[in-house]
Structure formats: structure tokens, C-alpha cells
file structure.pdb (PDB, C-alpha atoms, pLDDT in the B column)
ATOM      1  CA  MET A   1     -57.499 -18.270 -38.016  1.00 58.00           C
ATOM      2  CA  SER A   2     -54.949 -15.635 -39.010  1.00 80.00           C
ATOM      3  CA  LEU A   3     -53.938 -13.899 -35.821  1.00 92.00           C
ATOM      4  CA  ASN A   4     -51.602 -10.921 -35.628  1.00 95.00           C
ATOM      5  CA  VAL A   5     -48.992 -13.002 -33.820  1.00 96.00           C
ATOM      6  CA  PRO A   6     -46.223 -10.362 -33.707  1.00 97.00           C
ATOM      7  CA  ALA A   7     -48.588  -7.780 -32.183  1.00 97.00           C
ATOM      8  CA  LEU A   8     -49.936 -10.273 -29.654  1.00 97.00           C
ATOM      9  CA  ARG A   9     -46.513 -11.429 -28.540  1.00 97.00           C
ATOM     10  CA  SER A  10     -44.898  -7.995 -28.371  1.00 97.00           C
ATOM     11  CA  SER A  11     -47.815  -6.485 -26.466  1.00 97.00           C
ATOM     12  CA  PHE A  12     -47.944  -9.458 -24.089  1.00 97.00           C
ATOM     13  CA  ASP A  13     -44.223  -9.074 -23.395  1.00 96.00           C
ATOM     14  CA  LEU A  14     -44.692  -5.349 -22.791  1.00 96.00           C
ATOM     15  CA  VAL A  15     -47.609  -5.869 -20.436  1.00 96.00           C
ATOM     16  CA  VAL A  16     -45.938  -8.642 -18.428  1.00 95.00           C
ATOM     17  CA  GLU A  17     -42.769  -6.562 -18.126  1.00 96.00           C
ATOM     18  CA  ARG A  18     -44.790  -3.640 -16.757  1.00 96.00           C
ATOM     19  CA  GLU A  19     -47.127  -5.729 -14.619  1.00 95.00           C
ATOM     20  CA  PRO A  20     -45.920  -9.253 -13.807  1.00 94.00           C
ATOM     21  CA  GLN A  21     -49.138  -9.746 -11.814  1.00 94.00           C
ATOM     22  CA  LEU A  22     -51.381  -9.210 -14.843  1.00 96.00           C
ATOM     23  CA  THR A  23     -53.667 -12.051 -13.848  1.00 97.00           C
ATOM     24  CA  HIS A  24     -54.193 -10.500 -10.402  1.00 96.00           C
ATOM     25  CA  LEU A  25     -55.389  -7.322 -12.113  1.00 97.00           C
ATOM     26  CA  PHE A  26     -57.537  -9.411 -14.472  1.00 98.00           C
ATOM     27  CA  TYR A  27     -59.348 -11.109 -11.580  1.00 97.00           C
ATOM     28  CA  ASP A  28     -59.818  -7.773  -9.801  1.00 98.00           C
ATOM     29  CA  ILE A  29     -61.534  -6.445 -12.928  1.00 98.00           C
ATOM     30  CA  LEU A  30     -63.533  -9.637 -13.529  1.00 98.00           C
ATOM     31  CA  PHE A  31     -64.904  -9.779  -9.982  1.00 97.00           C
ATOM     32  CA  GLN A  32     -65.625  -6.051  -9.904  1.00 98.00           C
ATOM     33  CA  ARG A  33     -67.556  -6.151 -13.177  1.00 98.00           C
ATOM     34  CA  TYR A  34     -69.101  -9.601 -12.750  1.00 97.00           C
ATOM     35  CA  PRO A  35     -69.323 -10.468  -9.030  1.00 97.00           C
ATOM     36  CA  GLN A  36     -71.569 -13.383  -9.940  1.00 95.00           C
ATOM     37  CA  ALA A  37     -68.473 -15.118 -11.387  1.00 94.00           C
ATOM     38  CA  LYS A  38     -66.689 -15.312  -8.041  1.00 93.00           C
ATOM     39  CA  PRO A  39     -68.392 -18.552  -6.844  1.00 91.00           C
ATOM     40  CA  LEU A  40     -66.983 -20.386  -9.881  1.00 89.00           C
ATOM     41  CA  PHE A  41     -63.507 -19.955  -8.397  1.00 89.00           C
ATOM     42  CA  ARG A  42     -64.225 -21.371  -4.958  1.00 87.00           C
ATOM     43  CA  ASN A  43     -62.282 -24.609  -5.562  1.00 84.00           C
ATOM     44  CA  ASN A  44     -58.857 -22.949  -5.829  1.00 86.00           C
ATOM     45  CA  PRO A  45     -57.215 -20.214  -3.799  1.00 91.00           C
ATOM     46  CA  ARG A  46     -56.997 -17.047  -5.857  1.00 93.00           C
ATOM     47  CA  GLN A  47     -53.191 -17.122  -5.969  1.00 94.00           C
ATOM     48  CA  GLU A  48     -53.329 -20.638  -7.438  1.00 94.00           C
ATOM     49  CA  GLN A  49     -55.972 -19.564  -9.962  1.00 94.00           C
ATOM     50  CA  GLU A  50     -53.814 -16.604 -11.006  1.00 95.00           C
ATOM     51  CA  LYS A  51     -50.825 -18.903 -11.539  1.00 95.00           C
ATOM     52  CA  MET A  52     -52.877 -21.324 -13.629  1.00 94.00           C
ATOM     53  CA  LEU A  53     -54.114 -18.487 -15.846  1.00 95.00           C
ATOM     54  CA  THR A  54     -50.605 -17.086 -16.170  1.00 95.00           C
ATOM     55  CA  ASP A  55     -49.343 -20.512 -17.250  1.00 96.00           C
ATOM     56  CA  VAL A  56     -52.112 -20.812 -19.845  1.00 96.00           C
ATOM     57  CA  LEU A  57     -51.405 -17.350 -21.263  1.00 97.00           C
ATOM     58  CA  VAL A  58     -47.682 -18.094 -21.562  1.00 96.00           C
ATOM     59  CA  LYS A  59     -48.396 -21.411 -23.293  1.00 97.00           C
ATOM     60  CA  LEU A  60     -50.813 -19.686 -25.666  1.00 97.00           C
ATOM     61  CA  MET A  61     -48.159 -17.130 -26.614  1.00 97.00           C
ATOM     62  CA  ASP A  62     -45.737 -20.000 -27.284  1.00 97.00           C
ATOM     63  CA  HIS A  63     -48.237 -21.868 -29.499  1.00 97.00           C
ATOM     64  CA  LEU A  64     -50.083 -19.123 -31.385  1.00 96.00           C
ATOM     65  CA  GLU A  65     -48.992 -20.591 -34.708  1.00 95.00           C
ATOM     66  CA  ASP A  66     -49.624 -24.227 -33.780  1.00 95.00           C
ATOM     67  CA  ALA A  67     -53.257 -24.807 -34.764  1.00 94.00           C
ATOM     68  CA  PRO A  68     -53.363 -28.521 -33.813  1.00 96.00           C
ATOM     69  CA  TRP A  69     -52.039 -27.696 -30.329  1.00 97.00           C
ATOM     70  CA  LEU A  70     -54.569 -24.878 -29.927  1.00 96.00           C
ATOM     71  CA  VAL A  71     -57.494 -27.060 -30.997  1.00 96.00           C
ATOM     72  CA  ARG A  72     -56.444 -29.937 -28.725  1.00 96.00           C
ATOM     73  CA  GLU A  73     -55.464 -27.952 -25.635  1.00 97.00           C
ATOM     74  CA  LEU A  74     -58.177 -25.302 -25.766  1.00 97.00           C
ATOM     75  CA  GLY A  75     -60.813 -27.920 -26.501  1.00 96.00           C
ATOM     76  CA  ALA A  76     -59.713 -29.859 -23.415  1.00 96.00           C
ATOM     77  CA  LEU A  77     -59.674 -26.661 -21.377  1.00 96.00           C
ATOM     78  CA  GLY A  78     -63.195 -25.832 -22.541  1.00 95.00           C
ATOM     79  CA  SER A  79     -64.374 -29.300 -21.573  1.00 94.00           C
ATOM     80  CA  LYS A  80     -62.886 -28.846 -18.102  1.00 92.00           C
ATOM     81  CA  HIS A  81     -64.486 -25.424 -17.716  1.00 92.00           C
ATOM     82  CA  ALA A  82     -67.889 -26.843 -18.669  1.00 90.00           C
ATOM     83  CA  ASP A  83     -67.614 -29.085 -15.619  1.00 88.00           C
ATOM     84  CA  TYR A  84     -67.062 -25.967 -13.495  1.00 88.00           C
ATOM     85  CA  GLY A  85     -70.335 -24.495 -14.761  1.00 89.00           C
ATOM     86  CA  VAL A  86     -68.890 -21.975 -17.209  1.00 92.00           C
ATOM     87  CA  THR A  87     -71.491 -20.830 -19.742  1.00 93.00           C
ATOM     88  CA  ASP A  88     -71.059 -19.215 -23.150  1.00 93.00           C
ATOM     89  CA  GLU A  89     -72.028 -15.839 -21.682  1.00 95.00           C
ATOM     90  CA  MET A  90     -69.133 -16.013 -19.230  1.00 96.00           C
ATOM     91  CA  TYR A  91     -66.563 -16.145 -22.016  1.00 96.00           C
ATOM     92  CA  GLY A  92     -67.587 -12.591 -22.861  1.00 96.00           C
ATOM     93  CA  TRP A  93     -67.028 -11.562 -19.248  1.00 97.00           C
ATOM     94  CA  VAL A  94     -63.545 -13.031 -19.304  1.00 97.00           C
ATOM     95  CA  GLY A  95     -62.696 -11.503 -22.672  1.00 97.00           C
ATOM     96  CA  SER A  96     -63.779  -7.995 -21.752  1.00 97.00           C
ATOM     97  CA  SER A  97     -61.972  -8.215 -18.397  1.00 98.00           C
ATOM     98  CA  LEU A  98     -58.773  -9.506 -19.965  1.00 97.00           C
ATOM     99  CA  LEU A  99     -58.792  -6.783 -22.608  1.00 97.00           C
ATOM    100  CA  ALA A 100     -59.421  -4.170 -19.919  1.00 98.00           C
ATOM    101  CA  ALA A 101     -56.441  -5.450 -17.907  1.00 98.00           C
ATOM    102  CA  LEU A 102     -54.189  -5.459 -20.968  1.00 98.00           C
ATOM    103  CA  GLU A 103     -55.311  -1.978 -21.955  1.00 97.00           C
ATOM    104  CA  GLN A 104     -54.840  -0.615 -18.452  1.00 97.00           C
ATOM    105  CA  VAL A 105     -51.267  -1.905 -18.214  1.00 97.00           C
ATOM    106  CA  ALA A 106     -50.274  -1.060 -21.796  1.00 97.00           C
ATOM    107  CA  ALA A 107     -51.666   2.468 -21.288  1.00 97.00           C
ATOM    108  CA  ASP A 108     -50.434   4.752 -24.087  1.00 96.00           C
ATOM    109  CA  GLU A 109     -49.026   1.762 -25.983  1.00 96.00           C
ATOM    110  CA  TRP A 110     -52.550   0.341 -26.414  1.00 97.00           C
ATOM    111  CA  THR A 111     -53.677   1.016 -29.957  1.00 97.00           C
ATOM    112  CA  PRO A 112     -56.775   0.179 -31.969  1.00 97.00           C
ATOM    113  CA  GLU A 113     -54.601  -2.404 -33.780  1.00 96.00           C
ATOM    114  CA  LEU A 114     -53.731  -4.117 -30.488  1.00 96.00           C
ATOM    115  CA  ALA A 115     -57.325  -3.995 -29.327  1.00 97.00           C
ATOM    116  CA  ALA A 116     -58.399  -5.652 -32.577  1.00 97.00           C
ATOM    117  CA  ALA A 117     -55.621  -8.266 -32.409  1.00 97.00           C
ATOM    118  CA  TRP A 118     -56.484  -9.234 -28.829  1.00 98.00           C
ATOM    119  CA  THR A 119     -60.213  -9.223 -29.509  1.00 97.00           C
ATOM    120  CA  GLU A 120     -59.721 -11.542 -32.477  1.00 97.00           C
ATOM    121  CA  ALA A 121     -57.386 -13.786 -30.492  1.00 97.00           C
ATOM    122  CA  PHE A 122     -59.751 -14.033 -27.559  1.00 97.00           C
ATOM    123  CA  GLN A 123     -62.688 -14.793 -29.848  1.00 96.00           C
ATOM    124  CA  ALA A 124     -60.667 -17.620 -31.419  1.00 96.00           C
ATOM    125  CA  ILE A 125     -59.667 -18.961 -27.999  1.00 97.00           C
ATOM    126  CA  ALA A 126     -63.241 -18.790 -26.712  1.00 97.00           C
ATOM    127  CA  SER A 127     -64.559 -20.488 -29.844  1.00 97.00           C
ATOM    128  CA  LEU A 128     -62.142 -23.410 -29.455  1.00 97.00           C
ATOM    129  CA  MET A 129     -62.926 -23.736 -25.758  1.00 96.00           C
ATOM    130  CA  GLN A 130     -66.677 -23.599 -26.403  1.00 97.00           C
ATOM    131  CA  ALA A 131     -66.317 -26.301 -29.069  1.00 95.00           C
ATOM    132  CA  GLY A 132     -64.561 -28.485 -26.493  1.00 94.00           C
ATOM    133  CA  ALA A 133     -67.334 -27.807 -23.996  1.00 92.00           C
ATOM    134  CA  ARG A 134     -70.002 -28.783 -26.552  1.00 91.00           C
ATOM    135  CA  GLN A 135     -68.162 -31.996 -27.428  1.00 87.00           C
ATOM    136  CA  HIS A 136     -67.937 -32.790 -23.736  1.00 76.00           C
ATOM    137  CA  ALA A 137     -71.659 -32.194 -23.259  1.00 74.00           C
ATOM    138  CA  ASP A 138     -72.514 -34.322 -26.300  1.00 79.00           C
ATOM    139  CA  ALA A 139     -70.413 -37.199 -24.967  1.00 77.00           C
ATOM    140  CA  GLU A 140     -72.263 -37.304 -21.661  1.00 67.00           C
TER     141      GLU A 140
END

call {"tool": "encode", "arguments": {"input": "structure.pdb", "output": "C-alpha cells"}}
result
Amino acid sequence: MSLNVPALRSSFDLVVEREPQLTHLFYDILFQRYPQAKPLFRNNPRQEQEKMLTDVLVKLMDHLEDAPWLVRELGALGSKHADYGVTDEMYGWVGSSLLAALEQVAADEWTPELAAAWTEAFQAIASLMQAGARQHADAE
């Protein structure tokens, strides 16, 4: 996995500076595009869910070059999400909604290079989470 770490970090910093409530926008987009996802979030108040996602995104930015951490933490996160009923299809919903939120906030700063970097990063994240979910399912 060779991610464009400088592009990811600089664009994330830009987006968070412009819109500190990025995850609020993300959930607005997710629920507008995929209303069927909303019941999956019934266990936590939305504000709490937004904070959890923010924390995960910040940790990811801090560990983009730490493959063992990514495999361990994202695998565990995938296992946890399997228990919530998250399916492989839903990762696509999340990815497209996250990219839409990033693009909306970055506006004119959003380039094809950034779109490609974030798409690749999200695909890597989803793959590691899905592997954790499969391991969890196999262990049951």
C-alpha cells in the first residue's frame, strides 16, 4: 500500500480548517444518499457518532505510514462493524459519501490527484476493515 501521504494529510488539514464539523457533513450526505443506512446508527446519538468518526480519521492521519497499526486497528474496527450489521456494499456508501464531503469542503482545492489519493486510501481502509470482518465471521 503506497498512499500519497503528503496529499492526504495536507488536504485533510485544509478541510478540517475550513469545516471542523466535517463528519456532520459526511453523515448528512450519507443519510441523504443512503437513508437505509440510518438504522445502523441507532445505538449512538449522532453527535457521539460524529465524534467517534472524527477521532478515527485523526488517528488514521497520524498512522498512515504505520502498516502494522493500520492492519491491527482497522481489522478490529471491521470486526466491530460486522457486529453492527455492516455489509461490504455499505463500505462503498461510506466511501462515496466521505469523498463527497471532502470535495465539497475543499471546493476549488479539490483536484483529480486528491480524488485519486483519497479513493485509494479509502479502498485500502475498507479492505483492511473487511478483512477484519471476515476473520471475525470465520471465528464464530

call {"tool": "atom_distance", "arguments": {"input": "structure.pdb", "atom1": "atom CA of Glu73 of chain A", "atom2": "atom CA of Gln130 of chain A"}}
result
12.1 Å

call {"tool": "residues_around", "arguments": {"input": "structure.pdb", "residues": "Ala106 of chain A", "least_positions_apart": "4", "cutoff": "8 Å", "atoms": "only C-alpha atoms", "output": "PyMOL selection string"}}
result
chain A and resi 11+14-15+18+102+110

call {"tool": "resolve_selection", "arguments": {"input": "structure.pdb", "expression": "the PyMOL selection byres ((chain A and resi 78) around 8)", "output": "ChimeraX atom specification"}}
result
/A:74-77,79-82,128-133

call {"tool": "resolve_selection", "arguments": {"input": "structure.pdb", "expression": "the PyMOL selection byres ((chain A and resi 57) around 12)", "output": "CSV table (one decimal) with C-alpha atoms, keeping the file's coordinate frame"}}
result
chain,number,residue,atom,x,y,z
A,8,LEU,CA,-49.9,-10.3,-29.7
A,9,ARG,CA,-46.5,-11.4,-28.5
A,12,PHE,CA,-47.9,-9.5,-24.1
A,13,ASP,CA,-44.2,-9.1,-23.4
A,16,VAL,CA,-45.9,-8.6,-18.4
A,22,LEU,CA,-51.4,-9.2,-14.8
A,23,THR,CA,-53.7,-12.1,-13.8
A,50,GLU,CA,-53.8,-16.6,-11.0
A,51,LYS,CA,-50.8,-18.9,-11.5
A,52,MET,CA,-52.9,-21.3,-13.6
A,53,LEU,CA,-54.1,-18.5,-15.8
A,54,THR,CA,-50.6,-17.1,-16.2
A,55,ASP,CA,-49.3,-20.5,-17.2
A,56,VAL,CA,-52.1,-20.8,-19.8
A,58,VAL,CA,-47.7,-18.1,-21.6
A,59,LYS,CA,-48.4,-21.4,-23.3
A,60,LEU,CA,-50.8,-19.7,-25.7
A,61,MET,CA,-48.2,-17.1,-26.6
A,62,ASP,CA,-45.7,-20.0,-27.3
A,63,HIS,CA,-48.2,-21.9,-29.5
A,64,LEU,CA,-50.1,-19.1,-31.4
A,70,LEU,CA,-54.6,-24.9,-29.9
A,74,LEU,CA,-58.2,-25.3,-25.8
A,98,LEU,CA,-58.8,-9.5,-20.0
A,121,ALA,CA,-57.4,-13.8,-30.5
A,122,PHE,CA,-59.8,-14.0,-27.6
A,125,ILE,CA,-59.7,-19.0,-28.0

call {"tool": "atom_distance", "arguments": {"input": "structure.pdb", "atom1": "atom CA of Gly85 of chain A", "atom2": "atom CA of Leu25 of chain A"}}
result
22.9 Å

call {"tool": "atom_distance", "arguments": {"input": "structure.pdb", "atom1": "atom CA of Pro45 of chain A", "atom2": "atom CA of Ile29 of chain A"}}
result
17.1 Å

call {"tool": "closest_residue", "arguments": {"input": "structure.pdb", "among": "A:Leu3, A:Gln104, A:Tyr84, A:Leu30", "to": "Arg42 of chain A", "atoms": "only C-alpha atoms"}}
result
A:Tyr84

call {"tool": "closest_residue", "arguments": {"input": "structure.pdb", "among": "A:Tyr34, A:Ala139, A:Ala7, A:Arg72", "to": "Glu89 of chain A", "atoms": "only C-alpha atoms"}}
result
A:Tyr34

call {"tool": "resolve_selection", "arguments": {"input": "structure.pdb", "expression": "the PyMOL selection byres ((chain A and resi 37) around 12)", "output": "ChimeraX atom specification"}}
result
/A:27-36,38-42,84-87,89-94,97

call {"tool": "axis_aligned_box", "arguments": {"input": "structure.pdb", "around": "segment 1-20 of chain A", "padding_each_side": "8 Å", "output": "JSON"}}
result
{"center_x": -50.1, "center_y": -11.0, "center_z": -26.4, "size_x": 30.7, "size_y": 30.6, "size_z": 41.2}
